[in-house]
Every structure is written in structure tokens, then in C-alpha cells.
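Heads up, the thing below is written out as C-alpha cells.
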Amino acid sequence: MPKMKTEPGTNISVAGGIKPQTNRYYARVAVLYRTAAAVTGICLVLFCLAVLALGSEYITYDNLTYLARDFDLTVRSEGEAASVISYPRHETMKFASYKSGMAVAGSDVLTIFDSAGIVLSEDTLNYTTPCMDASEKYVLTYDLGGKNYAVYNTLTRVIRRETEFKILCADMSDCGAFVMVTRSNETKYVVELYNEALNHTMSVYKDHYVLDAAVRDDGERIVIVSAVPGQTDFGCEVSLCEEGQAEPLMTAAFGGLMPLDAAFHPDGSFSVICDGAVLFFDKDGNQTERFSLSGMTLVSADMADGYVALLGAENALGSENRVVVLNRKGEVLLSQMYRERMRQVCVTGEDEDTLCAVLTPGAVLSMDENGVKSMCLLDDDDVLTIRHIPGGVMVCTKDCMYPAVFTDMEQALETEGGAA
């Protein structure tokens, strides 16, 4: 029988066809998944309709624009950092690291810059004594001794309000909640807590001299430190309060100490810096450690990212200074004495393997656990402060700011010697 030849591309059909086999189990699973997909689609549509109906006043073109631009700010590369950022001079100036850029507040205006030096927002303040505190979400500005305050994001002013009493200090948390200390007409101190929606939620009244207050990153707890008059000296009172609770979770007194600053650490524990010691507490307010400042006159201090950095003078002339860095448990990570004048210390949070940066009259020193690691020589005599930003340290002067460029000690000393 001769073989049948077929041309290329010819289709061959089988008489009668072949019926596909159906697995009943997988058929039932397919029906189940199709039903689940349909239910999910219906729920998504209902959810979108509910959001549009209940939150239509907040869903605006401007808000969507802010969201897009804010997202664009967070994904900027570090390579876009500006070499110099200029701004007008003011009588009193405050600086704060905000996201990847900086916020600069003068008596007349607040300006927020991104890492490339571009002005993101600018607003008139008209404060007599401007003060500022920034977190991951907002920038809080207020008039020290006045009654006006405002909250900003990267692009605009969110709120501007006036308090009933004069503002003494404030603190902003990463979630957007903030705490504000005011003094009433009856010489009592009122500590006001505002939640992440910027609404007032709690007031704590204190008869003693409240010197500082801090709010935890989730906005649920605040710590208040007060100076309590004694028979011969002042003492320190520490109170831990929780939102919605009428009574403090804990209150402890420490004699012979004047409280200066308080701050929460990322894990919920907190520390209090006093003139004679640093007190460490766990998240429930139990004291865990005490670091004595005996022999030191505190010059500068900073708390951030779970670290406490201290700069203290060891003689009356200020020519011998000690730099100390502690972790949130009170353990000493760095303790070095230097025979030179020092002005300020700031925590760098192990950025680029360093613990802190120290401002001297002619340089910025970067330190690790072994002491000075690198140096940035300064030619400008108008340096006001230094601030840590993601990726480095910003040097702030009266009319501009720029990132500190560090070199190792040998190269820096050779450069300094050659210039001399």
C-alpha cells in the first residue's frame, strides 16, 4: 500500500474527533476561584465607592499632587545632594533635618529644602523667637514665649493655630502626633497632646516647673520632666503618661538633679538628661541605668536613633572637653577627653561607621568608638550649628549650609599644615 503524501502546512483531522477529559476536582476548584474573583471585584468597587462618598472632601487634585510630589522626594538619589544651599540671614535661626533635606526657620519665614537644595515650600512666620522640631512626617514650628504654632509637610502648611497660653517647648513624633508645653495664667503648666490627625486628645496639668516633654513615635505615650523645688536645691520629677489615662503610669523623683531634656528611643524606652546625670528608663518607666556627669559641666547634648551624645567641659576655661556616647541601655560606647575647645555634639547613629560629630571653632570632627576618625576643616567663622542628615552632616551658617566633606586625620592635618 503506497504511503500517503502530505504537503507542508497541511492540517490532518481525525474522523469523529477526540473528547477532552475533564477532572471534576479541578473543575470545582476553578468555579471556586472564579467566584472568589467576582466577590473580590465587587468588594473593591464597593470600597472605592465608600471611600469616595465618605472622604470626598479630602480627595482633591491638590492632595493627589502633594502625594505624588512627596513620593518623588523620597526616591531622590543621594547623588543629587547640593554643594551649597543659600537663604536670607535672620536675627534668630533654627535648623532641623527633615526627610532627605533641611528645614530652616527664621523670625520671618520657614523654608524647606530637599537634598538637591530645591525649595519645596516657603511660608511666612512672624515669630519673635522661632523654634522648630521635625520628624519623619511633619515640621512643627512655634513662637517660644508666644501663642502661635504651625505644622508643615514637605510642600505646604497643614495647620496654623493659636494656643490659649504661652508656648514653652514642644516635640513632634514620627507618626505626626505632637506634644506642647504651655504655661497658664495661674502659673500652672499644661502639657497638651495632639494625635496624628493633629487633633487635641489630652491635657496634663503640672504644678511644678515643666522643662521638657517628649512623645513616643506612635503618639500613645508622653514623658514629662519637671524641676521640683526642695529645701536647699531643685530635684527632677519624671512622669510617664498614656493617652486616655487620667493618672500617670509612673512618677519618680530624683533629688539634686535639674532636668534638661527628654527623648524616646525607637524601642519605646526613654532617657532624661539632667545637669548631673543621664537617667535611662525602659518602656514602662522603670529606671534601668544612671550615668553620672561628675567632673563635667555639660556644654551640649543630643539624643537620636537610640543614642545619647554628651559634650562636657572638664575645666573652667573650656579648653579640656570630654565626648561621651551612650546607647539606649546606658552602656558607654565612646568616652574621650580632648585638649581643645568644642562647641556642639550631634548623634550620627552609626552613619558611615561613626557615632557622633563634634563642632570645634575650626573643624567638624567625626568620631567612632575609638575617637576622632576623620575631620572636615572649616573656613567660615559664621558657623551656627551642625545637623545630621541621611548620609552625612550638614554645616549651617548665617546665610548658607553645606554638607561636611570629611577626610582622614593624616590628610586633614597635612592640608592644615600646608595652609599654615
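Identifiers in this document derive from the order of the C-alpha cells: chains are assigned A, B, ..., residues are numbered from 1 separately in each chain, and ligands are numbered from 1 in order of occurrence.
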
Counting only C-alpha atoms, give me one row per residue of range 296-392 of chain A with an atom at most 12 Å from an atom of range 113-131 of chain A, showing the shortest contact pair and its distance in Å to one decimal, sorted by chain then residue number, as a Markdown table.
| residue | atom | partner | partner_atom | distance |
| --- | --- | --- | --- | --- |
| A:Ile389 | CA | A:Ser115 | CA | 9.3 |
| A:Pro390 | CA | A:Ser115 | CA | 9.4 |
| A:Gly391 | CA | A:Ser115 | CA | 10.4 |
| A:Gly392 | CA | A:Ser115 | CA | 11.4 |

Residue subset to file, keeping N, CA and C atoms, as a PDB file, in the first residue's frame:
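Below is the file out-v9.pdb, written as the result:
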ATOM      1  N   ILE A 389      22.105  64.585  58.747  1.00  0.00           N
ATOM      2  CA  ILE A 389      21.125  64.267  57.721  1.00  0.00           C
ATOM      3  C   ILE A 389      21.445  62.889  57.178  1.00  0.00           C
ATOM      4  N   PRO A 390      20.524  62.204  56.506  1.00  0.00           N
ATOM      5  CA  PRO A 390      20.833  60.896  55.930  1.00  0.00           C
ATOM      6  C   PRO A 390      22.039  60.982  55.002  1.00  0.00           C
ATOM      7  N   GLY A 391      23.084  60.277  55.371  1.00  0.00           N
ATOM      8  CA  GLY A 391      24.274  60.254  54.528  1.00  0.00           C
ATOM      9  C   GLY A 391      25.385  61.179  54.961  1.00  0.00           C
ATOM     10  N   GLY A 392      25.198  61.967  56.020  1.00  0.00           N
ATOM     11  CA  GLY A 392      26.283  62.845  56.420  1.00  0.00           C
ATOM     12  C   GLY A 392      25.880  63.884  57.441  1.00  0.00           C
TER      13      GLY A 392
END

Who sits within 12 Å of range 264-270 of chain A, only C-alpha atoms, same chain under 3 positions skipped, as an MDAnalysis selection string
chainID A and resid 171:174 213:225 238:240 261 273 278:289 303:308 327:330 349

Would you kindly return, as a PyMOL selection string, each protein, DNA or RNA residue with an atom no farther than 12 Å from any atom of Ser86 in chain A, considering only C-alpha atoms and excluding same-chain residues fewer than 6 positions away?
chain A and resi 102+104+111-113+116-119+395-402

What are the DSSP strand (DSSP E or B) residues of range 99-244 of chain A, as a ChimeraX atom specification?
/A:101-105,109-113,119-124,130-134,139-143,148-152,157-162,166-172,178-183,189-194,200-206,209-215,221-229,234-242

Residues near Ser374 in chain A, anyone? I mean within 7 Å using only C-alpha atoms, not counting same-chain ones fewer than 5 positions away, as an MDAnalysis selection string.
chainID A and resid 365:366 406:409

With N, CA and C atoms retained, write the just-selected residues as a compact mmCIF listing (two decimals), in the first residue's frame.
# COMPACT_ATOMS: atom_id res chain seq x y z
N LEU A 365 34.54 67.29 63.62
CA LEU A 365 35.21 66.03 63.86
C LEU A 365 34.19 64.89 63.82
N SER A 366 34.51 63.85 63.08
CA SER A 366 33.67 62.66 63.03
C SER A 366 34.31 61.58 63.91
N PHE A 406 34.42 65.00 54.86
CA PHE A 406 35.41 64.51 55.81
C PHE A 406 36.59 63.85 55.09
N THR A 407 37.77 64.05 55.65
CA THR A 407 38.99 63.36 55.19
C THR A 407 39.64 62.73 56.40
N ASP A 408 40.45 61.68 56.17
CA ASP A 408 41.09 61.02 57.31
C ASP A 408 42.05 61.99 58.00
N MET A 409 42.42 61.69 59.22
CA MET A 409 43.14 62.63 60.06
C MET A 409 44.49 63.04 59.48

Please provide as a VMD selection string all residues within 12 Å of Gly362 in chain A, with the sequence filter that same-chain residues fewer than 6 positions apart are discarded (counting only C-alpha atoms).
chain A and resid 340 to 343 375 to 383 412 416

Tell me which of A:Tyr33, A:Ala262, A:Tyr152, A:Ala134 sits closest to Ser100 in chain A, counting only C-alpha atoms.
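Using only C-alpha atoms, Ser100 in chain A sits closest to A:Ala134.
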
Name the residues in contact with Lys137 in chain A at a cut-off of 8 Å, using only C-alpha atoms, excluding same-chain residues fewer than 5 positions from it; report them as number ranges by chain.
A: 99, 153, 174-176

Restricting the calculation to only C-alpha atoms: of A:Thr35, A:Ser300, A:Thr182, A:Thr360, which residue gets closest to Ser319 in chain A?
A:Thr360
